[in-house]
Every structure is written in structure tokens, then in C-alpha cells.
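Before any comments, here is the structure.
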Amino acid sequence: MRAVAHTVLVADDDRAIRESLGRALELEGYRVVGVDDGVQALTRVRREAFDVLVLDVLMPGLDGLGVCRVLRADGSRVPVLMLTARVETPDRVAGLDAGADDYLAKPFELDELLARLRALLRRAAPVDDGTDREPPLSVGDLRLNPAARRAWWAATELILTRTEFDLLELLMRNAGVVLDHTRVYERIWGYDFGPDSKNLAVYIGYLRRKLAAAGAPPVIHTVRGVGYTMRRP
């Protein structure tokens, strides 16, 4: 029996990008809906079920950040991959603040976009509701419930995107172990983006800021030239 195709909404006001990306995704077996602005994107998502959204940041009317903020305020947990021509860290952080799960800078390689979509869909897959769920994880006052996908520092709950949660869980499961960049990329994104990628560093920085805002001392440490490790404070 053939698997049901995942449905992707692509919102980009650049017709050439929207249509070429749509064709490429359809060749990979996705069902694609394309729109050219944020208002249309929001309307379609509220009316139809999508497995993942690909939103351009800069769109007329309502931009990609605005779409993401409204959907998260609505309680939608649909995975969002943000496309941005802005490569500076503050601009990328703005996307994460809006509730995006991942971002990709233009111009991008199709293989990288496909890898990120696969990772988002894999992490969004339903969790088995059996009774043999894993117990919560803890490193000092940092606690994480894998089944509920919630995390706390002491009594303060951390509000994390899907990618941030998965990265924190990976670090906690390997507390005291140095994880190299390649291993983290393959475990979280399913694809090694190479030594020039800043994607991992941005997410590590964002996790650190959220932990610090909750009152945590430094628990995620950089091992220069290798990767990252979590240590009990």
C-alpha cells in the first residue's frame, strides 16, 4: 500500500522560487499548495490540514514572521521552516522568537531543504501512547519530560521550539559527553550541513539564552574545534 503523501504549504511572493520549489517537492512525493503572501497562507492553514509549512520571511501584507506568530497564538503546532534572505543572527533569532522550528537562508541547496523537511516531519510524528514511556530526564535542576515534550529549570518552564527541545534532549541524554558537530547535525537535522554552517551555533545560543532567562547557570559548554557538551552546574 502506498504511503500517504505529506502536504506542504509553500508561501513565497517570488513566483519563480515558489513554482520551482513546488515542482521539486512534488517530484519528491509531496503534495504542494503554493501561495504568494502571508494572508493567503494564514487562510489556507486555518482551513486545511498541512504537515509542514515553508514560509518566506519577506512577503507583502503579512510576512512569514507574522503568519508564524498568529498560528502559534492559535495553538497550532504545525512545523514551520522559515526561508530568509537575511543571514544575520538577530534576523534568524526573530524567526525562532516567532515560533518557527527551523530556518534556511537564501539561496539554498534543494538537498538541504529536503533534509530539513524530513527532520521536521520525523520529529512531528505521533508518539506511541503505550504505557512504557521513558522516565523524565534530569541534569541538576534541569528537567525534561520526553513524552510531554516539556522542560523546566527548577520551577520555571522553558518555552522551546521543536528543534530547541530536540537539541536540549540530545544534550541531556549525553550529559558529560562531548558531541561533535557532525553527530548533532545528523541526529537533529538528519543531514550534516558542513563546517561552514552556523545553524547549530545559533540554536545553541538561543538555548543558552532561554536557560539563563530562567535563572540557570551555564550548563551547555563549547569544546572548541569539536562540538558541545552539557555538564551539571
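Naming works like this for the C-alpha cells: A, B, ... for the chains as they're shown, residue 1 at the start of each chain, ligands 1 onward in shown order.
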
Find the nearest atom pair between each residue of region 108-153 of chain A and region 20-41 of chain A for residues within 12 Å, count only C-alpha atoms, give distances in Å to one decimal, sort rows by chain and ascending number, and present the table as a Markdown table.
```
| residue | atom | partner | partner_atom | distance |
| --- | --- | --- | --- | --- |
| A:Phe108 | CA | A:Leu21 | CA | 10.9 |
| A:Glu109 | CA | A:Leu21 | CA | 10.8 |
| A:Leu110 | CA | A:Ala24 | CA | 8.1 |
| A:Asp111 | CA | A:Ala24 | CA | 10.3 |
| A:Leu113 | CA | A:Leu21 | CA | 9.7 |
| A:Leu114 | CA | A:Leu25 | CA | 8.1 |
| A:Ala115 | CA | A:Glu28 | CA | 11.6 |
| A:Leu117 | CA | A:Leu25 | CA | 10.2 |
| A:Arg118 | CA | A:Tyr30 | CA | 11.0 |
| A:Leu121 | CA | A:Tyr30 | CA | 11.8 |
```

Find the nearest atom pair between each residue of region 21-125 of chain A and region 141-160 of chain A for residues within 12 Å, count only C-alpha atoms, give distances in Å to one decimal, sort rows by chain and ascending number, and present the table as a tab-separated table.
```
residue	atom	partner	partner_atom	distance
A:Arg72	CA	A:Ile159	CA	12.0
A:Arg77	CA	A:Leu160	CA	11.8
A:Leu96	CA	A:Leu160	CA	9.2
A:Asp97	CA	A:Leu160	CA	9.5
A:Ala98	CA	A:Leu160	CA	11.2
A:Gly99	CA	A:Leu160	CA	8.5
A:Ala100	CA	A:Leu160	CA	10.2
A:Asp101	CA	A:Leu160	CA	9.3
A:Arg123	CA	A:Arg149	CA	11.0
A:Ala124	CA	A:Arg149	CA	11.2
```

Output file for the selection above: N, CA, C and O atoms, as a PDB file, in the first residue's frame:
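That gives us again_27.pdb:
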```pdb
ATOM      1  N   ARG A  72       0.923  30.270  16.095  1.00  0.00           N
ATOM      2  CA  ARG A  72       1.290  29.805  17.440  1.00  0.00           C
ATOM      3  C   ARG A  72       0.314  30.348  18.476  1.00  0.00           C
ATOM      4  O   ARG A  72      -0.034  29.645  19.438  1.00  0.00           O
ATOM      5  N   ARG A  77       0.556  23.706  16.151  1.00  0.00           N
ATOM      6  CA  ARG A  77       1.908  23.169  16.356  1.00  0.00           C
ATOM      7  C   ARG A  77       2.514  22.656  15.050  1.00  0.00           C
ATOM      8  O   ARG A  77       3.511  21.934  15.058  1.00  0.00           O
ATOM      9  N   LEU A  96      12.910  32.407  15.187  1.00  0.00           N
ATOM     10  CA  LEU A  96      12.714  31.456  16.280  1.00  0.00           C
ATOM     11  C   LEU A  96      11.782  32.047  17.336  1.00  0.00           C
ATOM     12  O   LEU A  96      10.954  31.343  17.916  1.00  0.00           O
ATOM     13  N   ASP A  97      11.938  33.339  17.595  1.00  0.00           N
ATOM     14  CA  ASP A  97      11.055  34.014  18.544  1.00  0.00           C
ATOM     15  C   ASP A  97       9.604  33.944  18.095  1.00  0.00           C
ATOM     16  O   ASP A  97       8.692  33.884  18.914  1.00  0.00           O
ATOM     17  N   ALA A  98       9.385  33.989  16.795  1.00  0.00           N
ATOM     18  CA  ALA A  98       8.025  33.945  16.254  1.00  0.00           C
ATOM     19  C   ALA A  98       7.418  32.553  16.354  1.00  0.00           C
ATOM     20  O   ALA A  98       6.219  32.391  16.154  1.00  0.00           O
ATOM     21  N   GLY A  99       8.243  31.554  16.650  1.00  0.00           N
ATOM     22  CA  GLY A  99       7.736  30.193  16.810  1.00  0.00           C
ATOM     23  C   GLY A  99       8.129  29.243  15.702  1.00  0.00           C
ATOM     24  O   GLY A  99       7.631  28.122  15.635  1.00  0.00           O
ATOM     25  N   ALA A 100       9.041  29.672  14.803  1.00  0.00           N
ATOM     26  CA  ALA A 100       9.492  28.779  13.739  1.00  0.00           C
ATOM     27  C   ALA A 100      10.335  27.647  14.324  1.00  0.00           C
ATOM     28  O   ALA A 100      10.987  27.811  15.354  1.00  0.00           O
ATOM     29  N   ASP A 101      10.314  26.501  13.662  1.00  0.00           N
ATOM     30  CA  ASP A 101      11.088  25.350  14.117  1.00  0.00           C
ATOM     31  C   ASP A 101      12.470  25.302  13.494  1.00  0.00           C
ATOM     32  O   ASP A 101      13.386  24.699  14.049  1.00  0.00           O
ATOM     33  N   ARG A 123      10.263  14.523  13.505  1.00  0.00           N
ATOM     34  CA  ARG A 123      10.066  14.921  14.902  1.00  0.00           C
ATOM     35  C   ARG A 123       8.609  15.221  15.213  1.00  0.00           C
ATOM     36  O   ARG A 123       8.206  15.188  16.376  1.00  0.00           O
ATOM     37  N   ALA A 124       7.819  15.502  14.167  1.00  0.00           N
ATOM     38  CA  ALA A 124       6.398  15.798  14.384  1.00  0.00           C
ATOM     39  C   ALA A 124       5.540  14.537  14.379  1.00  0.00           C
ATOM     40  O   ALA A 124       4.348  14.606  14.656  1.00  0.00           O
TER      41      ALA A 124
END
```

message: If we count only C-alpha atoms and set the cut-off at 10 Å, which residues sit around Pro217 (chain A), ignoring sequence neighbours fewer than 6 positions away in its own chain? Please answer as a PyMOL selection string.
response: chain A and resi 208+211+232-233

query: How many Å separate CA of Leu65 (chain A) from CA of Met82 (chain A)?
result: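 Separation of CA of Leu65 (chain A) and CA of Met82 (chain A): 8.3 Å.
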
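Each of A:Arg46, A:Tyr185, A:Glu112, A:Arg173 was compared to Glu134 (chain A) using only C-alpha atoms, and A:Arg173 turns out to be the nearest.
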